[in-house]
$ cat run.cif   # mmCIF, C-alpha atoms
data_target
loop_
_atom_site.label_atom_id
_atom_site.label_comp_id
_atom_site.auth_asym_id
_atom_site.auth_seq_id
_atom_site.Cartn_x
_atom_site.Cartn_y
_atom_site.Cartn_z
CA MET A 1 -3.30 1.69 -13.01
CA TYR A 2 -3.05 -2.04 -12.30
CA LEU A 3 -6.83 -2.38 -11.94
CA LYS A 4 -7.71 -0.47 -15.11
CA ASP A 5 -10.27 -2.42 -17.17
CA LYS A 6 -10.17 -5.37 -14.74
CA LYS A 7 -13.62 -6.94 -14.45
CA ILE A 8 -14.38 -7.25 -10.75
CA LEU A 9 -17.61 -8.90 -9.67
CA ILE A 10 -18.40 -8.03 -6.05
CA GLY A 11 -20.79 -10.25 -4.10
CA ILE A 12 -22.23 -8.68 -0.96
CA THR A 13 -23.59 -10.96 1.76
CA GLY A 14 -25.40 -10.29 5.04
CA SER A 15 -23.05 -8.40 7.36
CA ILE A 16 -22.97 -4.96 8.95
CA ALA A 17 -19.67 -4.46 7.08
CA ALA A 18 -21.74 -4.22 3.88
CA TYR A 19 -21.91 -0.45 4.33
CA LYS A 20 -18.17 -0.25 3.54
CA ILE A 21 -18.64 -1.75 0.09
CA ALA A 22 -20.06 1.47 -1.30
CA ASP A 23 -16.69 3.10 -0.59
CA LEU A 24 -14.82 0.09 -2.01
CA VAL A 25 -16.78 0.24 -5.27
CA ARG A 26 -16.22 3.98 -5.55
CA ARG A 27 -12.47 3.56 -5.09
CA LEU A 28 -12.33 0.75 -7.64
CA THR A 29 -14.18 2.79 -10.26
CA GLU A 30 -11.77 5.67 -9.61
CA GLN A 31 -8.99 3.27 -10.64
CA GLN A 32 -10.96 2.54 -13.83
CA ALA A 33 -11.87 -1.02 -12.89
CA GLN A 34 -15.11 -2.40 -14.31
CA VAL A 35 -17.32 -3.29 -11.34
CA ARG A 36 -20.59 -5.20 -11.14
CA VAL A 37 -22.41 -5.96 -7.91
CA VAL A 38 -24.44 -8.99 -6.81
CA MET A 39 -26.36 -8.87 -3.52
CA THR A 40 -27.95 -11.60 -1.45
CA GLN A 41 -31.30 -11.12 0.22
CA ALA A 42 -29.54 -10.80 3.58
CA ALA A 43 -27.22 -8.11 2.20
CA MET A 44 -30.19 -5.97 1.23
CA GLN A 45 -31.13 -5.75 4.91
CA PHE A 46 -27.96 -3.73 5.49
CA ILE A 47 -27.52 -1.65 2.30
CA THR A 48 -29.85 -1.06 -0.65
CA PRO A 49 -29.32 -2.06 -4.29
CA LEU A 50 -30.06 1.59 -5.20
CA THR A 51 -26.99 2.73 -3.24
CA MET A 52 -24.75 0.22 -4.97
CA GLN A 53 -26.20 1.10 -8.37
CA ALA A 54 -25.45 4.77 -7.72
CA VAL A 55 -21.78 4.20 -6.84
CA SER A 56 -21.11 1.55 -9.49
CA GLY A 57 -23.09 3.15 -12.30
CA HIS A 58 -24.56 -0.22 -13.26
CA LYS A 59 -27.52 -2.42 -12.53
CA VAL A 60 -27.24 -4.43 -9.31
CA TYR A 61 -28.07 -8.15 -9.60
CA THR A 62 -30.17 -9.85 -6.95
CA ASP A 63 -32.26 -12.57 -8.65
CA LEU A 64 -31.14 -16.02 -9.78
CA LEU A 65 -33.52 -16.10 -12.72
CA ASP A 66 -33.41 -12.77 -14.54
CA ALA A 67 -35.95 -12.31 -17.32
CA GLU A 68 -33.85 -9.49 -18.78
CA ALA A 69 -30.69 -11.61 -19.02
CA GLU A 70 -29.71 -13.70 -22.01
CA ALA A 71 -31.75 -16.94 -21.82
CA ALA A 72 -32.81 -15.74 -18.34
CA MET A 73 -29.53 -17.09 -16.96
CA GLY A 74 -27.78 -14.06 -15.46
CA HIS A 75 -25.52 -16.22 -13.35
CA ILE A 76 -23.89 -17.71 -16.44
CA GLU A 77 -23.37 -14.31 -18.06
CA LEU A 78 -21.83 -12.82 -14.92
CA ALA A 79 -19.71 -15.91 -14.30
CA ARG A 80 -18.20 -15.62 -17.78
CA TRP A 81 -17.75 -11.84 -17.53
CA ALA A 82 -15.66 -11.64 -14.35
CA ASP A 83 -11.86 -11.57 -14.08
CA ILE A 84 -12.30 -12.16 -10.35
CA VAL A 85 -15.26 -12.77 -8.04
CA LEU A 86 -14.82 -10.96 -4.74
CA ILE A 87 -17.20 -11.80 -1.90
CA ALA A 88 -17.07 -8.83 0.46
CA PRO A 89 -18.21 -8.98 3.14
CA ALA A 90 -18.32 -12.78 3.32
CA SER A 91 -20.47 -13.96 6.21
CA ALA A 92 -19.95 -17.24 8.08
CA ASP A 93 -23.19 -18.48 6.53
CA PHE A 94 -22.03 -17.78 2.98
CA MET A 95 -18.65 -19.41 3.61
CA ALA A 96 -20.46 -22.54 4.79
CA ARG A 97 -22.76 -22.57 1.77
CA LEU A 98 -19.84 -22.04 -0.60
CA THR A 99 -17.93 -24.88 1.06
CA HIS A 100 -20.82 -27.30 0.52
CA GLY A 101 -21.54 -26.19 -3.03
CA LEU A 102 -25.07 -24.87 -2.48
CA ALA A 103 -26.63 -23.05 -5.40
CA ASP A 104 -29.93 -21.67 -4.18
CA ASP A 105 -29.38 -17.98 -4.97
CA LEU A 106 -27.61 -15.91 -7.61
CA LEU A 107 -24.30 -15.40 -5.78
CA SER A 108 -23.74 -19.01 -4.72
CA THR A 109 -24.72 -20.24 -8.18
CA LEU A 110 -22.35 -17.99 -10.10
CA CYS A 111 -19.52 -19.04 -7.75
CA LEU A 112 -20.07 -22.59 -9.02
CA ALA A 113 -20.45 -21.46 -12.62
CA THR A 114 -17.37 -19.22 -12.87
CA THR A 115 -13.87 -20.20 -13.95
CA ALA A 116 -12.53 -16.89 -12.57
CA PRO A 117 -10.60 -16.83 -9.28
CA ILE A 118 -12.76 -16.37 -6.18
CA ALA A 119 -11.65 -14.22 -3.25
CA ILE A 120 -13.49 -13.70 -0.01
CA ALA A 121 -13.15 -10.98 2.62
CA PRO A 122 -14.59 -12.53 5.81
CA ALA A 123 -16.62 -10.43 8.25
CA MET A 124 -18.10 -11.92 11.41
CA ASN A 125 -18.00 -12.01 15.20
CA GLN A 126 -14.62 -13.11 16.53
CA GLN A 127 -16.06 -16.25 18.14
CA MET A 128 -17.82 -17.21 14.92
CA TRP A 129 -14.50 -16.87 13.08
CA LYS A 130 -12.75 -19.09 15.65
CA ALA A 131 -15.49 -21.73 15.62
CA PRO A 132 -14.19 -25.13 14.45
CA ALA A 133 -16.82 -25.33 11.72
CA THR A 134 -15.76 -21.96 10.25
CA GLN A 135 -12.07 -22.85 10.42
CA ALA A 136 -12.75 -26.19 8.73
CA ASN A 137 -14.67 -24.39 5.97
CA CYS A 138 -11.83 -21.91 5.61
CA GLN A 139 -9.30 -24.71 5.21
CA THR A 140 -11.45 -26.51 2.62
CA LEU A 141 -11.95 -23.34 0.57
CA GLN A 142 -8.24 -22.55 0.62
CA GLN A 143 -7.45 -26.06 -0.58
CA ARG A 144 -9.79 -25.43 -3.51
CA GLY A 145 -7.89 -22.28 -4.43
CA VAL A 146 -10.19 -19.66 -2.92
CA HIS A 147 -8.20 -16.57 -1.89
CA PHE A 148 -8.73 -15.03 1.55
CA PHE A 149 -8.42 -11.27 1.96
CA GLY A 150 -8.27 -11.02 5.75
CA PRO A 151 -9.91 -11.00 8.17
CA ALA A 152 -8.44 -8.22 10.30
CA SER A 153 -8.41 -7.89 14.06
CA GLY A 154 -10.06 -5.08 16.02
CA LEU A 155 -13.22 -3.75 17.60
CA GLN A 156 -16.36 -5.27 16.10
CA ALA A 157 -19.92 -4.00 15.73
CA CYS A 158 -21.04 -6.32 18.54
CA GLY A 159 -18.64 -4.59 20.91
CA GLU A 160 -16.19 -7.49 21.09
CA ASP A 161 -12.55 -7.27 20.03
CA GLY A 162 -10.68 -9.87 18.00
CA LEU A 163 -10.09 -11.47 14.61
CA GLY A 164 -13.07 -11.30 12.26
CA ARG A 165 -13.32 -7.73 11.02
CA MET A 166 -13.50 -7.23 7.28
CA LEU A 167 -10.42 -5.56 5.82
CA GLU A 168 -10.80 -1.86 5.13
CA PRO A 169 -11.52 -0.95 1.47
CA PHE A 170 -7.98 0.30 0.77
CA ASP A 171 -6.55 -2.96 2.18
CA ILE A 172 -8.84 -4.98 -0.07
CA ILE A 173 -7.64 -2.91 -3.04
CA ASP A 174 -4.05 -3.72 -2.09
CA CYS A 175 -4.98 -7.42 -2.13
CA LEU A 176 -6.50 -6.98 -5.59
CA HIS A 177 -3.34 -5.20 -6.77
CA GLN A 178 -1.31 -8.15 -5.54
CA HIS A 179 -3.62 -10.61 -7.30
CA PHE A 180 -3.36 -8.86 -10.66
CA THR A 181 0.38 -8.08 -10.58
CA SER A 182 3.11 -10.61 -11.03
CA GLN A 183 5.63 -11.16 -8.27
CA ILE A 184 8.18 -8.99 -10.07
CA LEU A 185 10.44 -8.72 -7.01
CA ALA A 186 9.96 -12.22 -5.64
CA GLY A 187 12.89 -13.30 -3.48
CA LYS A 188 14.56 -9.89 -3.45
CA HIS A 189 15.54 -8.13 -0.23
CA ILE A 190 14.79 -4.41 -0.29
CA VAL A 191 15.86 -1.89 2.35
CA ILE A 192 13.78 1.30 2.37
CA THR A 193 14.17 4.44 4.48
CA ALA A 194 11.17 6.66 5.19
CA GLY A 195 10.01 9.62 7.20
CA PRO A 196 11.97 12.43 8.87
CA THR A 197 14.86 12.29 11.31
CA ARG A 198 15.07 14.42 14.44
CA GLU A 199 18.24 16.10 15.71
CA ASP A 200 17.98 17.24 19.34
CA ILE A 201 18.88 20.77 20.37
CA ASP A 202 18.00 20.23 24.03
CA PRO A 203 15.69 17.80 25.89
CA VAL A 204 12.53 19.51 24.53
CA ARG A 205 13.52 20.88 21.10
CA PHE A 206 14.78 19.32 17.90
CA ILE A 207 15.45 20.04 14.22
CA SER A 208 13.28 18.11 11.76
CA ASN A 209 11.29 18.57 8.53
CA ARG A 210 7.83 18.18 7.01
CA SER A 211 8.19 14.58 5.77
CA SER A 212 5.19 12.43 6.76
CA GLY A 213 6.69 9.12 5.61
CA LYS A 214 3.63 8.41 3.45
CA MET A 215 5.58 7.88 0.23
CA GLY A 216 8.12 5.56 1.82
CA TYR A 217 5.46 3.51 3.57
CA ALA A 218 3.49 3.20 0.32
CA ILE A 219 6.63 2.01 -1.48
CA ALA A 220 7.34 -0.52 1.27
CA LYS A 221 3.82 -1.93 0.94
CA ALA A 222 4.01 -2.01 -2.88
CA ALA A 223 7.39 -3.79 -2.74
CA GLN A 224 6.03 -6.38 -0.32
CA LEU A 225 3.00 -6.97 -2.54
CA SER A 226 5.45 -7.51 -5.43
CA GLY A 227 7.05 -10.41 -3.58
CA ALA A 228 10.02 -8.69 -1.95
CA ASN A 229 11.33 -9.21 1.56
CA VAL A 230 11.20 -5.63 2.85
CA THR A 231 13.05 -3.92 5.70
CA LEU A 232 11.68 -0.44 6.38
CA VAL A 233 13.89 1.89 8.44
CA SER A 234 11.52 4.61 9.57
CA GLY A 235 11.87 7.93 11.33
CA GLN A 236 9.15 9.21 13.66
CA THR A 237 5.75 9.14 11.89
CA CYS A 238 2.07 8.77 12.78
CA LEU A 239 1.58 5.94 10.26
CA SER A 240 0.63 2.34 10.96
CA LYS A 241 3.36 -0.18 10.23
CA PRO A 242 2.86 -1.88 6.83
CA PRO A 243 1.80 -5.53 7.23
CA LYS A 244 4.42 -8.23 6.52
CA VAL A 245 7.20 -5.61 6.50
CA ASN A 246 10.11 -5.64 8.95
CA THR A 247 9.88 -2.09 10.33
CA ILE A 248 12.78 -0.60 12.30
CA ASP A 249 11.93 2.60 14.19
CA VAL A 250 14.73 5.15 14.49
CA TYR A 251 15.08 8.72 15.73
CA SER A 252 18.13 10.57 14.43
CA ALA A 253 20.17 10.51 11.23
CA GLN A 254 22.88 8.55 13.03
CA ASP A 255 20.30 6.00 14.22
CA MET A 256 19.06 5.60 10.65
CA TYR A 257 22.58 5.23 9.29
CA GLU A 258 23.44 2.49 11.79
CA SER A 259 20.21 0.57 11.07
CA VAL A 260 20.69 0.79 7.30
CA MET A 261 24.26 -0.45 7.58
CA GLN A 262 23.06 -3.39 9.67
CA TYR A 263 20.86 -4.68 6.82
CA ILE A 264 22.38 -3.28 3.63
CA GLU A 265 24.90 -6.05 2.89
CA GLN A 266 22.04 -8.53 2.38
CA ALA A 267 20.01 -6.09 0.25
CA ASP A 268 19.47 -6.37 -3.48
CA ILE A 269 17.87 -2.91 -3.72
CA PHE A 270 18.09 0.19 -1.51
CA ILE A 271 15.40 2.88 -1.81
CA ALA A 272 16.10 6.05 0.17
CA THR A 273 12.86 8.01 0.56
CA ALA A 274 13.61 9.36 4.05
CA ALA A 275 14.11 13.09 4.55
CA VAL A 276 17.33 12.82 6.53
CA ALA A 277 18.60 15.92 8.31
CA ASP A 278 21.70 17.32 6.58
CA TYR A 279 22.92 18.96 9.78
CA GLN A 280 22.75 18.37 13.52
CA PRO A 281 23.59 20.62 16.47
CA LYS A 282 27.29 20.28 17.21
CA GLN A 283 26.47 20.17 20.91
CA GLN A 284 23.20 19.20 22.57
CA ALA A 285 22.23 21.05 25.73
CA THR A 286 21.58 18.74 28.67
CA GLN A 287 18.98 21.12 30.10
CA LYS A 288 16.23 23.15 28.44
CA ILE A 289 17.65 26.34 26.92
CA LYS A 290 16.02 29.36 28.53
CA LYS A 291 14.94 32.47 26.64
CA THR A 292 17.42 34.87 28.20
CA GLN A 293 19.00 36.51 25.14
CA GLU A 294 17.61 38.60 22.28
CA ALA A 295 19.34 36.34 19.80
CA MET A 296 21.17 33.05 19.87
CA SER A 297 23.02 30.88 17.41
CA ILE A 298 23.41 27.12 17.17
CA GLU A 299 26.51 25.67 15.59
CA LEU A 300 25.69 22.78 13.26
CA SER A 301 27.76 19.92 11.89
CA LYS A 302 27.04 17.64 8.95
CA THR A 303 25.31 14.33 9.53
CA THR A 304 26.53 11.14 7.88
CA ASP A 305 25.26 10.94 4.30
CA ILE A 306 23.44 7.61 4.25
CA LEU A 307 22.63 7.59 0.55
CA ALA A 308 26.19 8.45 -0.53
CA SER A 309 27.60 5.88 1.89
CA VAL A 310 25.52 3.12 0.31
CA GLY A 311 26.08 4.44 -3.23
CA HIS A 312 29.86 4.23 -2.85
CA MET A 313 29.98 0.78 -1.26
CA GLN A 314 32.28 -1.63 -3.07
CA ASN A 315 29.53 -4.22 -3.55
CA LYS A 316 26.57 -1.87 -3.45
CA PRO A 317 22.97 -2.90 -4.08
CA PHE A 318 20.87 -1.25 -6.78
CA VAL A 319 20.49 2.23 -5.25
CA VAL A 320 17.47 4.49 -5.72
CA GLY A 321 17.53 8.00 -4.28
CA PHE A 322 14.87 10.67 -3.90
CA ALA A 323 15.21 14.38 -4.56
CA ALA A 324 12.59 16.73 -3.15
CA GLU A 325 13.29 20.15 -4.63
CA THR A 326 11.63 23.56 -4.72
CA ASN A 327 13.24 24.59 -8.04
CA ASN A 328 15.50 23.29 -10.85
CA VAL A 329 14.30 19.78 -10.10
CA GLU A 330 15.93 18.00 -13.05
CA ALA A 331 19.33 19.65 -12.69
CA TYR A 332 19.57 19.05 -8.95
CA ALA A 333 18.32 15.49 -9.24
CA LYS A 334 20.79 14.50 -11.96
CA ASP A 335 23.65 16.13 -10.09
CA LYS A 336 22.72 14.21 -6.94
CA MET A 337 22.55 10.96 -8.91
CA VAL A 338 26.11 11.44 -10.19
CA ARG A 339 27.64 12.70 -6.92
CA LYS A 340 26.21 9.88 -4.85
CA ASN A 341 26.73 7.15 -7.48
CA LEU A 342 23.05 6.20 -7.72
CA ASP A 343 21.46 3.84 -10.22
CA MET A 344 18.24 5.83 -10.27
CA ILE A 345 16.69 8.89 -8.67
CA ALA A 346 13.03 9.86 -8.24
CA ALA A 347 12.50 13.62 -8.18
CA ASN A 348 9.53 15.71 -7.23
CA LEU A 349 8.65 19.36 -6.70
CA VAL A 350 7.71 20.24 -3.13
CA GLY A 351 5.97 23.28 -1.77
CA VAL A 352 3.12 22.95 -4.28
CA GLU A 353 -0.53 22.21 -3.60
CA ASN A 354 -1.68 18.57 -3.33
CA ALA A 355 1.78 17.02 -3.76
CA GLY A 356 4.96 16.32 -1.86
CA PHE A 357 5.37 16.45 1.92
CA GLU A 358 2.30 15.69 4.06
CA SER A 359 0.04 15.22 1.02
CA ASP A 360 -1.69 11.94 0.05
CA HIS A 361 -0.79 12.64 -3.60
CA ASN A 362 2.41 13.14 -5.52
CA ALA A 363 4.03 13.04 -8.95
CA LEU A 364 7.55 11.88 -9.81
CA THR A 365 10.03 12.03 -12.64
CA VAL A 366 12.45 9.11 -12.48
CA TYR A 367 15.94 9.53 -13.91
CA TRP A 368 18.70 6.99 -14.62
CA PRO A 369 22.01 7.50 -16.45
CA ASP A 370 20.62 7.03 -19.95
CA GLY A 371 16.91 7.71 -19.60
CA GLN A 372 13.95 8.99 -17.66
CA GLN A 373 10.24 8.37 -17.12
CA VAL A 374 7.44 10.61 -15.87
CA LEU A 375 5.07 9.05 -13.34
CA PRO A 376 1.69 10.86 -13.27
CA HIS A 377 0.12 12.78 -10.41
CA CYS A 378 -1.95 10.33 -8.37
CA THR A 379 -2.27 8.94 -4.86
CA LYS A 380 0.98 7.91 -3.22
CA THR A 381 -0.33 4.34 -2.95
CA GLU A 382 -0.86 4.13 -6.70
CA LEU A 383 2.35 6.04 -7.44
CA ALA A 384 4.30 3.54 -5.33
CA HIS A 385 3.09 0.66 -7.52
CA HIS A 386 4.18 2.54 -10.67
CA LEU A 387 7.59 3.27 -9.17
CA ILE A 388 8.19 -0.31 -8.02
CA LYS A 389 7.45 -1.52 -11.53
CA VAL A 390 10.05 0.88 -12.99
CA ILE A 391 12.61 -0.07 -10.33
CA ALA A 392 12.08 -3.78 -11.02
CA GLN A 393 12.57 -3.24 -14.75
CA ARG A 394 15.75 -1.20 -14.30
CA TYR A 395 17.09 -3.62 -11.70
CA GLU A 396 16.70 -6.57 -14.09
CA GLN A 397 18.35 -4.62 -16.92
CA SER A 398 21.26 -3.72 -14.65
CA LYS A 399 21.92 -7.42 -14.09
#

$ encode --input "run.cif" --output "structure tokens"
Amino acid sequence: MYLKDKKILIGITGSIAAYKIADLVRRLTEQQAQVRVVMTQAAMQFITPLTMQAVSGHKVYTDLLDAEAEAAMGHIELARWADIVLIAPASADFMARLTHGLADDLLSTLCLATTAPIAIAPAMNQQMWKAPATQANCQTLQQRGVHFFGPASGLQACGEDGLGRMLEPFDIIDCLHQHFTSQILAGKHIVITAGPTREDIDPVRFISNRSSGKMGYAIAKAAQLSGANVTLVSGQTCLSKPPKVNTIDVYSAQDMYESVMQYIEQADIFIATAAVADYQPKQQATQKIKKTQEAMSIELSKTTDILASVGHMQNKPFVVGFAAETNNVEAYAKDKMVRKNLDMIAANLVGVENAGFESDHNALTVYWPDGQQVLPHCTKTELAHHLIKVIAQRYEQSK
């Protein structure tokens, strides 16, 4: 867990987005981060200190001069405690006050007193975000080294649509992951496949599988956050495209093969998480097949093996395969690694509760020719960060 034991001080300012911070704090504590919360007077109009105390498990700080704090200077204690100060949501008013160095409440004062990095997650009306004064403040804060997490674009509480929404809690956590992890794959080009392929039987029917693409998308996001230039070749999924990732949408196994081959020569690492169909109908009906017979058969032919094709390239990248098995996981995975000339393979058991296809959780055992490592059962987002770290280590050792 990259956020384990990290000391995260969250400052909540006056914005309707404040209600989302309860979920953010809960998610951070689940990742074993140490979280403390500071609230402005305006923030308490939207969410109560009692709520934040309940989800954080700690006292919530609201007063500049705290009689219970050491020397009654809570802002100094908190400023020294934090590994990062995260202002979320950050209102236009607070951004302006931070820009001009005001120190008339606890949050603004500790921002001046801390030596920890400061990050802000803006939340405001789209016109307020675009206002010249706000943009000037944003530029000044960035020049001083303040990190900006967002804002995002979308429908706002006022009914308008545009840039100014606070990032969702899981996006903020991704930003924190990026802050606390080194750019272990900086400058590397990674090609990743994800999701299922579809092989048409007729114009309305196709052969496919249960892959949701969640693991591949999580790996693409984790790789991008680790500094890599990522190309994601994706089958049909219901997932949103990962930000800052070049996503190529494909349909069939042949489509995926052609897209991978288009980018693979420039790749340093290839990660094949897609559940590619092994077979396709030998002939596709041009019209819908009618139910006129008691039984019917469909002749199938093999699809092109994308992973083996890349694994046996003369100047191949570092190749990572996936093996989703229902039994004999280790034996099948190791055999696949040898047959397809892989540098590493990540194996998991499917068909079990709360793991594998369609689930938000998974567990992996990663094998390479002279070793292995077990990655624990956790969310696919967290698992992706663990896997990218292992891949980066093995890639460097291979060089």

$ resolve_selection --input "run.cif" --expression "the PyMOL selection byres ((chain A and resi 120) around 12)" --output "PyMOL selection string"
chain A and resi 9-13+84-92+94-95+98+111+117-119+121-123+138+141-142+145-151+166-167+172+175-176

$ closest_residue --input "run.cif" --among "A:Gly57, A:Lys4, A:Gly162, A:Ala17" --to "Gln32 (chain A)" --atoms "only C-alpha atoms"
A:Lys4

$ closest_residue --input "run.cif" --among "A:Ser234, A:Thr381, A:Gln373, A:Thr51" --to "Ser359 (chain A)" --atoms "only C-alpha atoms"
A:Thr381

$ resolve_selection --input "run.cif" --expression "the PyMOL selection byres ((chain A and resi 309-318) around 7)" --output "ChimeraX atom specification"
/A:267-270,305-308,319-320,340-343,395

$ resolve_selection --input "run.cif" --expression "the PyMOL selection byres ((chain A and resi 236) around 7)" --output "list in words"
Gly195, Pro196, Thr197, Ser234, Gly235, Thr237, Val250 and Tyr251 of chain A

$ write_last_selection --input "run.cif" --atoms "C-alpha atoms" --output "short mmCIF file (atom, residue, chain, number, x, y, z; two decimals), in the frame of the given file"
data_model
loop_
_atom_site.label_atom_id
_atom_site.label_comp_id
_atom_site.auth_asym_id
_atom_site.auth_seq_id
_atom_site.Cartn_x
_atom_site.Cartn_y
_atom_site.Cartn_z
CA GLY A 195 10.01 9.62 7.20
CA PRO A 196 11.97 12.43 8.87
CA THR A 197 14.86 12.29 11.31
CA SER A 234 11.52 4.61 9.57
CA GLY A 235 11.87 7.93 11.33
CA THR A 237 5.75 9.14 11.89
CA VAL A 250 14.73 5.15 14.49
CA TYR A 251 15.08 8.72 15.73
#

$ residues_near_point --input "run.cif" --point "(2.5, 2.7, -10.8)" --cutoff "12 Å" --atoms "only C-alpha atoms" --output "MDAnalysis selection string"
chainID A and resid 1:4 31 177 181 218:219 222:223 226 362:364 366 373:392

$ closest_residue --input "run.cif" --among "A:Leu232, A:Arg198, A:Ala323, A:Ser398" --to "Thr365 (chain A)" --atoms "only C-alpha atoms"
A:Ala323
